[in-house]
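Novice: File query_29.cif follows (mmCIF, C-alpha atoms):
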```
data_final
loop_
_atom_site.group_PDB
_atom_site.id
_atom_site.type_symbol
_atom_site.label_atom_id
_atom_site.label_comp_id
_atom_site.auth_asym_id
_atom_site.auth_seq_id
_atom_site.Cartn_x
_atom_site.Cartn_y
_atom_site.Cartn_z
ATOM 1 C CA MET A 1 -45.294 106.183 1.356
ATOM 2 C CA ASP A 2 -48.874 106.899 0.220
ATOM 3 C CA ALA A 3 -52.250 105.194 -0.111
ATOM 4 C CA ILE A 4 -51.656 104.070 -3.700
ATOM 5 C CA HIS A 5 -48.270 102.531 -2.877
ATOM 6 C CA ASP A 6 -49.745 100.781 0.175
ATOM 7 C CA SER A 7 -52.546 99.403 -1.998
ATOM 8 C CA CYS A 8 -49.966 98.134 -4.499
ATOM 9 C CA LEU A 9 -48.240 96.236 -1.691
ATOM 10 C CA LYS A 10 -51.601 94.793 -0.598
ATOM 11 C CA LEU A 11 -52.262 93.731 -4.195
ATOM 12 C CA CYS A 12 -48.908 91.898 -4.186
ATOM 13 C CA ASP A 13 -50.081 89.999 -1.101
ATOM 14 C CA VAL A 14 -53.381 89.104 -2.816
ATOM 15 C CA LEU A 15 -51.476 87.829 -5.871
ATOM 16 C CA LEU A 16 -49.205 85.668 -3.719
ATOM 17 C CA LYS A 17 -52.216 84.202 -1.889
ATOM 18 C CA SER A 18 -53.828 83.434 -5.249
ATOM 19 C CA TYR A 19 -50.640 81.720 -6.409
ATOM 20 C CA ASN A 20 -50.333 79.668 -3.224
ATOM 21 C CA SER A 21 -54.019 78.674 -3.298
ATOM 22 C CA ARG A 22 -53.438 76.982 -6.663
ATOM 23 C CA GLY A 23 -50.897 74.641 -5.057
ATOM 24 C CA PHE A 24 -47.828 76.301 -6.567
ATOM 25 C CA CYS A 25 -46.228 77.130 -3.197
ATOM 26 C CA ASN A 26 -42.489 77.710 -3.381
ATOM 27 C CA ASN A 27 -39.950 80.120 -1.968
ATOM 28 C CA TYR A 28 -38.900 81.505 -5.358
ATOM 29 C CA THR A 29 -42.069 83.288 -6.457
ATOM 30 C CA SER A 30 -43.045 86.745 -5.247
ATOM 31 C CA TRP A 31 -44.475 90.056 -6.382
ATOM 32 C CA SER A 32 -42.818 93.398 -5.750
ATOM 33 C CA VAL A 33 -43.400 97.081 -6.452
ATOM 34 C CA GLU A 34 -40.864 99.162 -8.349
ATOM 35 C CA VAL A 35 -41.225 102.945 -8.250
ATOM 36 C CA LEU A 36 -40.988 104.711 -11.611
ATOM 37 C CA ARG A 37 -41.498 108.361 -12.502
ATOM 38 C CA LYS A 38 -45.236 108.123 -13.364
ATOM 39 C CA TYR A 39 -46.131 104.594 -12.339
ATOM 40 C CA TYR A 40 -45.669 101.853 -9.818
ATOM 41 C CA LYS A 41 -44.604 98.714 -11.663
ATOM 42 C CA ILE A 42 -45.854 95.475 -10.114
ATOM 43 C CA ILE A 43 -43.328 92.778 -10.931
ATOM 44 C CA HIS A 44 -43.734 89.009 -10.810
ATOM 45 C CA ASN A 45 -40.436 87.511 -9.634
ATOM 46 C CA SER A 46 -39.783 83.814 -10.111
ATOM 47 C CA GLU A 47 -36.701 81.660 -9.744
ATOM 48 C CA HIS A 48 -35.223 82.426 -13.164
ATOM 49 C CA GLN A 49 -37.097 85.438 -14.528
ATOM 50 C CA ARG A 50 -38.954 88.662 -13.832
ATOM 51 C CA SER A 51 -42.011 89.929 -15.696
ATOM 52 C CA VAL A 52 -44.328 92.901 -15.424
ATOM 53 C CA HIS A 53 -47.701 92.056 -13.926
ATOM 54 C CA ALA A 54 -49.280 95.540 -14.097
ATOM 55 C CA PHE A 55 -48.670 99.275 -13.920
ATOM 56 C CA VAL A 56 -50.421 101.576 -11.428
ATOM 57 C CA ASP A 57 -50.636 105.326 -12.038
ATOM 58 C CA LYS A 58 -49.051 107.160 -9.094
ATOM 59 C CA LYS A 59 -51.506 110.090 -9.262
ATOM 60 C CA THR A 60 -54.848 108.414 -9.954
ATOM 61 C CA GLY A 61 -54.434 104.790 -8.838
ATOM 62 C CA ASP A 62 -55.557 103.453 -12.226
ATOM 63 C CA ILE A 63 -54.289 99.948 -13.027
ATOM 64 C CA TYR A 64 -53.061 99.129 -16.537
ATOM 65 C CA LYS A 65 -52.045 95.927 -18.271
ATOM 66 C CA PRO A 66 -48.421 96.033 -19.374
ATOM 67 C CA ALA A 67 -47.724 96.806 -23.025
ATOM 68 C CA GLY A 68 -44.165 95.694 -22.371
ATOM 69 C CA TRP A 69 -41.446 95.959 -19.762
ATOM 70 C CA ARG A 70 -41.201 99.724 -20.060
ATOM 71 C CA GLY A 71 -44.779 100.939 -20.116
ATOM 72 C CA PRO A 72 -48.502 100.298 -19.775
ATOM 73 C CA ALA A 73 -51.238 99.713 -22.320
ATOM 74 C CA LYS A 74 -53.471 102.701 -23.002
ATOM 75 C CA ILE A 75 -56.729 101.701 -21.303
ATOM 76 C CA ALA A 76 -57.090 101.663 -17.517
ATOM 77 C CA ARG A 77 -58.639 98.425 -16.219
ATOM 78 C CA PHE A 78 -59.365 99.221 -12.568
ATOM 79 C CA ASN A 79 -58.683 101.813 -9.931
ATOM 80 C CA ILE A 80 -56.770 100.464 -6.973
ATOM 81 C CA LEU A 81 -58.390 102.940 -4.570
ATOM 82 C CA THR A 82 -62.051 102.976 -5.597
ATOM 83 C CA GLU A 83 -62.398 99.367 -6.801
ATOM 84 C CA TRP A 84 -60.381 97.553 -4.137
ATOM 85 C CA ASN A 85 -63.223 95.131 -3.245
ATOM 86 C CA ILE A 86 -63.430 93.970 -6.868
ATOM 87 C CA LEU A 87 -59.664 93.588 -7.068
ATOM 88 C CA GLU A 88 -59.385 91.706 -3.810
ATOM 89 C CA SER A 89 -61.969 89.139 -4.860
ATOM 90 C CA ASN A 90 -60.955 88.784 -8.543
ATOM 91 C CA ALA A 91 -57.194 89.378 -8.726
ATOM 92 C CA ASP A 92 -55.279 86.258 -9.631
ATOM 93 C CA TRP A 93 -51.585 85.633 -9.948
ATOM 94 C CA ALA A 94 -51.717 85.184 -13.745
ATOM 95 C CA GLY A 95 -53.378 88.569 -14.380
ATOM 96 C CA SER A 96 -56.586 87.363 -16.023
ATOM 97 C CA TYR A 97 -58.557 89.904 -13.959
ATOM 98 C CA LEU A 98 -56.947 92.612 -16.091
ATOM 99 C CA TYR A 99 -58.985 91.313 -19.041
ATOM 100 C CA LEU A 100 -62.398 91.614 -17.306
ATOM 101 C CA LYS A 101 -63.020 95.135 -18.552
#
```
Go through the file and emit its structure as structure tokens.

Specialist:
Amino acid sequence: MDAIHDSCLKLCDVLLKSYNSRGFCNNYTSWSVEVLRKYYKIIHNSEHQRSVHAFVDKKTGDIYKPAGWRGPAKIARFNILTEWNILESNADWAGSYLYLK
């Protein structure tokens, strides 16, 4: 697809590694990327539910906390392209890194 989408997929891998490193390993938990009109929606999939982990702007690569299932909060937290090193070292499966800024 594009660099932002590829980075979203890499972020999903980082989140899964964070989850597994906490000892929660199971075959039912994963993260996926859903393509919307303006955003990529990063979704946390577990055995019985799905929840939004974050939204990523398709044009700029800005990462937003979710305001709900349908859309992001107003303030960008990181940029998936320019701040990848910070994301890779701080991103955790529960999303607490989205509260650092």

Novice: Quick one: apply the PyMOL selection byres ((chain A and resi 40) around 8) to the file and drop the selected residues here as a list in words.

Specialist: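 Residues picked by the PyMOL selection byres ((chain A and resi 40) around 8): His5, Cys8, Val33, Glu34, Val35, Leu36, Lys38, Tyr39, Lys41, Ile42, Phe55, Val56, Asp57 and Lys58 of chain A.
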
Novice: Given the choices A:Ser46, A:Tyr97, A:Lys65, A:Cys12, which gets closest to A:Phe24 if the distance is worked out from all atoms listed in the file?

Specialist: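 Closest to A:Phe24 of all the choices is A:Ser46.
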
Novice: Return as a PyMOL selection string the set of residues that the PyMOL selection byres ((chain A and resi 61) around 8) yields on the displayed structure.

Specialist: chain A and resi 4+56-60+62-63+79-81

Novice: Interatomic distance between atom CA of A:Thr82 and atom CA of A:Lys17?

Specialist: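 Straight-line distance from atom CA of A:Thr82 to atom CA of A:Lys17 works out to 21.5 Å.
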
Novice: Can you turn the PyMOL selection byres ((chain A and resi 100) around 10) into a concrete residue list for this file, as a list in words?

Specialist: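 Listing what the PyMOL selection byres ((chain A and resi 100) around 10) selects in the shown file: Arg77, Phe78, Asn90, Gly95, Ser96, Tyr97, Leu98, Tyr99 and Lys101 of chain A.
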
Novice: Which distance in Å separates atom CA of A:Gly23 and atom CA of A:Asp6, to one decimal?

Specialist: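 Result for atom CA of A:Gly23 versus atom CA of A:Asp6: 26.7 Å, one decimal.
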
Novice: Go through A:Pro66, A:Gln49, A:Asp13, A:Ser89 one by one, measure the shortest atom-to-atom distance of each to A:Tyr28 using all atoms listed in the file, and give the residue with the smallest value.

Specialist: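 Nearest candidate to A:Tyr28 out of A:Pro66, A:Gln49, A:Asp13, A:Ser89: A:Gln49.
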
Novice: Could you check how far atom CA of A:Ser18 sits from atom CA of A:Glu83, in Å to one decimal?

Specialist: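 Result for atom CA of A:Ser18 versus atom CA of A:Glu83: 18.2 Å, one decimal.
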
Novice: Could you pull the residues within 10 Å of A:Leu15, counting all atoms listed in the file, minus those fewer than 2 positions along the same chain, as a PDB file with C-alpha atoms, in the coordinates of the input?

Specialist:
```pdb
ATOM      1  CA  LEU A   9     -48.240  96.236  -1.691  1.00  0.00           C
ATOM      2  CA  LYS A  10     -51.601  94.793  -0.598  1.00  0.00           C
ATOM      3  CA  LEU A  11     -52.262  93.731  -4.195  1.00  0.00           C
ATOM      4  CA  CYS A  12     -48.908  91.898  -4.186  1.00  0.00           C
ATOM      5  CA  ASP A  13     -50.081  89.999  -1.101  1.00  0.00           C
ATOM      6  CA  LYS A  17     -52.216  84.202  -1.889  1.00  0.00           C
ATOM      7  CA  SER A  18     -53.828  83.434  -5.249  1.00  0.00           C
ATOM      8  CA  TYR A  19     -50.640  81.720  -6.409  1.00  0.00           C
ATOM      9  CA  ASN A  20     -50.333  79.668  -3.224  1.00  0.00           C
ATOM     10  CA  SER A  21     -54.019  78.674  -3.298  1.00  0.00           C
ATOM     11  CA  SER A  30     -43.045  86.745  -5.247  1.00  0.00           C
ATOM     12  CA  TRP A  31     -44.475  90.056  -6.382  1.00  0.00           C
ATOM     13  CA  HIS A  44     -43.734  89.009 -10.810  1.00  0.00           C
ATOM     14  CA  HIS A  53     -47.701  92.056 -13.926  1.00  0.00           C
ATOM     15  CA  GLU A  88     -59.385  91.706  -3.810  1.00  0.00           C
ATOM     16  CA  ASN A  90     -60.955  88.784  -8.543  1.00  0.00           C
ATOM     17  CA  ALA A  91     -57.194  89.378  -8.726  1.00  0.00           C
ATOM     18  CA  ASP A  92     -55.279  86.258  -9.631  1.00  0.00           C
ATOM     19  CA  TRP A  93     -51.585  85.633  -9.948  1.00  0.00           C
ATOM     20  CA  ALA A  94     -51.717  85.184 -13.745  1.00  0.00           C
ATOM     21  CA  GLY A  95     -53.378  88.569 -14.380  1.00  0.00           C
TER      22      GLY A  95
END
```

Novice: First collect every listed atom of stretch 51-57 of chain A; then fit an axis-aligned box around them, widen it by 4 Å on each side, and give centre and edge lengths in Å to one decimal, as lines of an AutoDock Vina configuration file.

Specialist:
```
center_x = -46.3
center_y = 97.6
center_z = -13.6
size_x = 16.6
size_y = 23.4
size_z = 12.3
```

Novice: Let me make sure I understand: among A:Asp2, A:Ile43, A:Lys74, A:Arg37, which one has the smallest atom-to-atom distance to A:Leu16 if we use all atoms listed in the file?

Specialist: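 Ranking A:Asp2, A:Ile43, A:Lys74, A:Arg37 by distance to A:Leu16, first place goes to A:Ile43.
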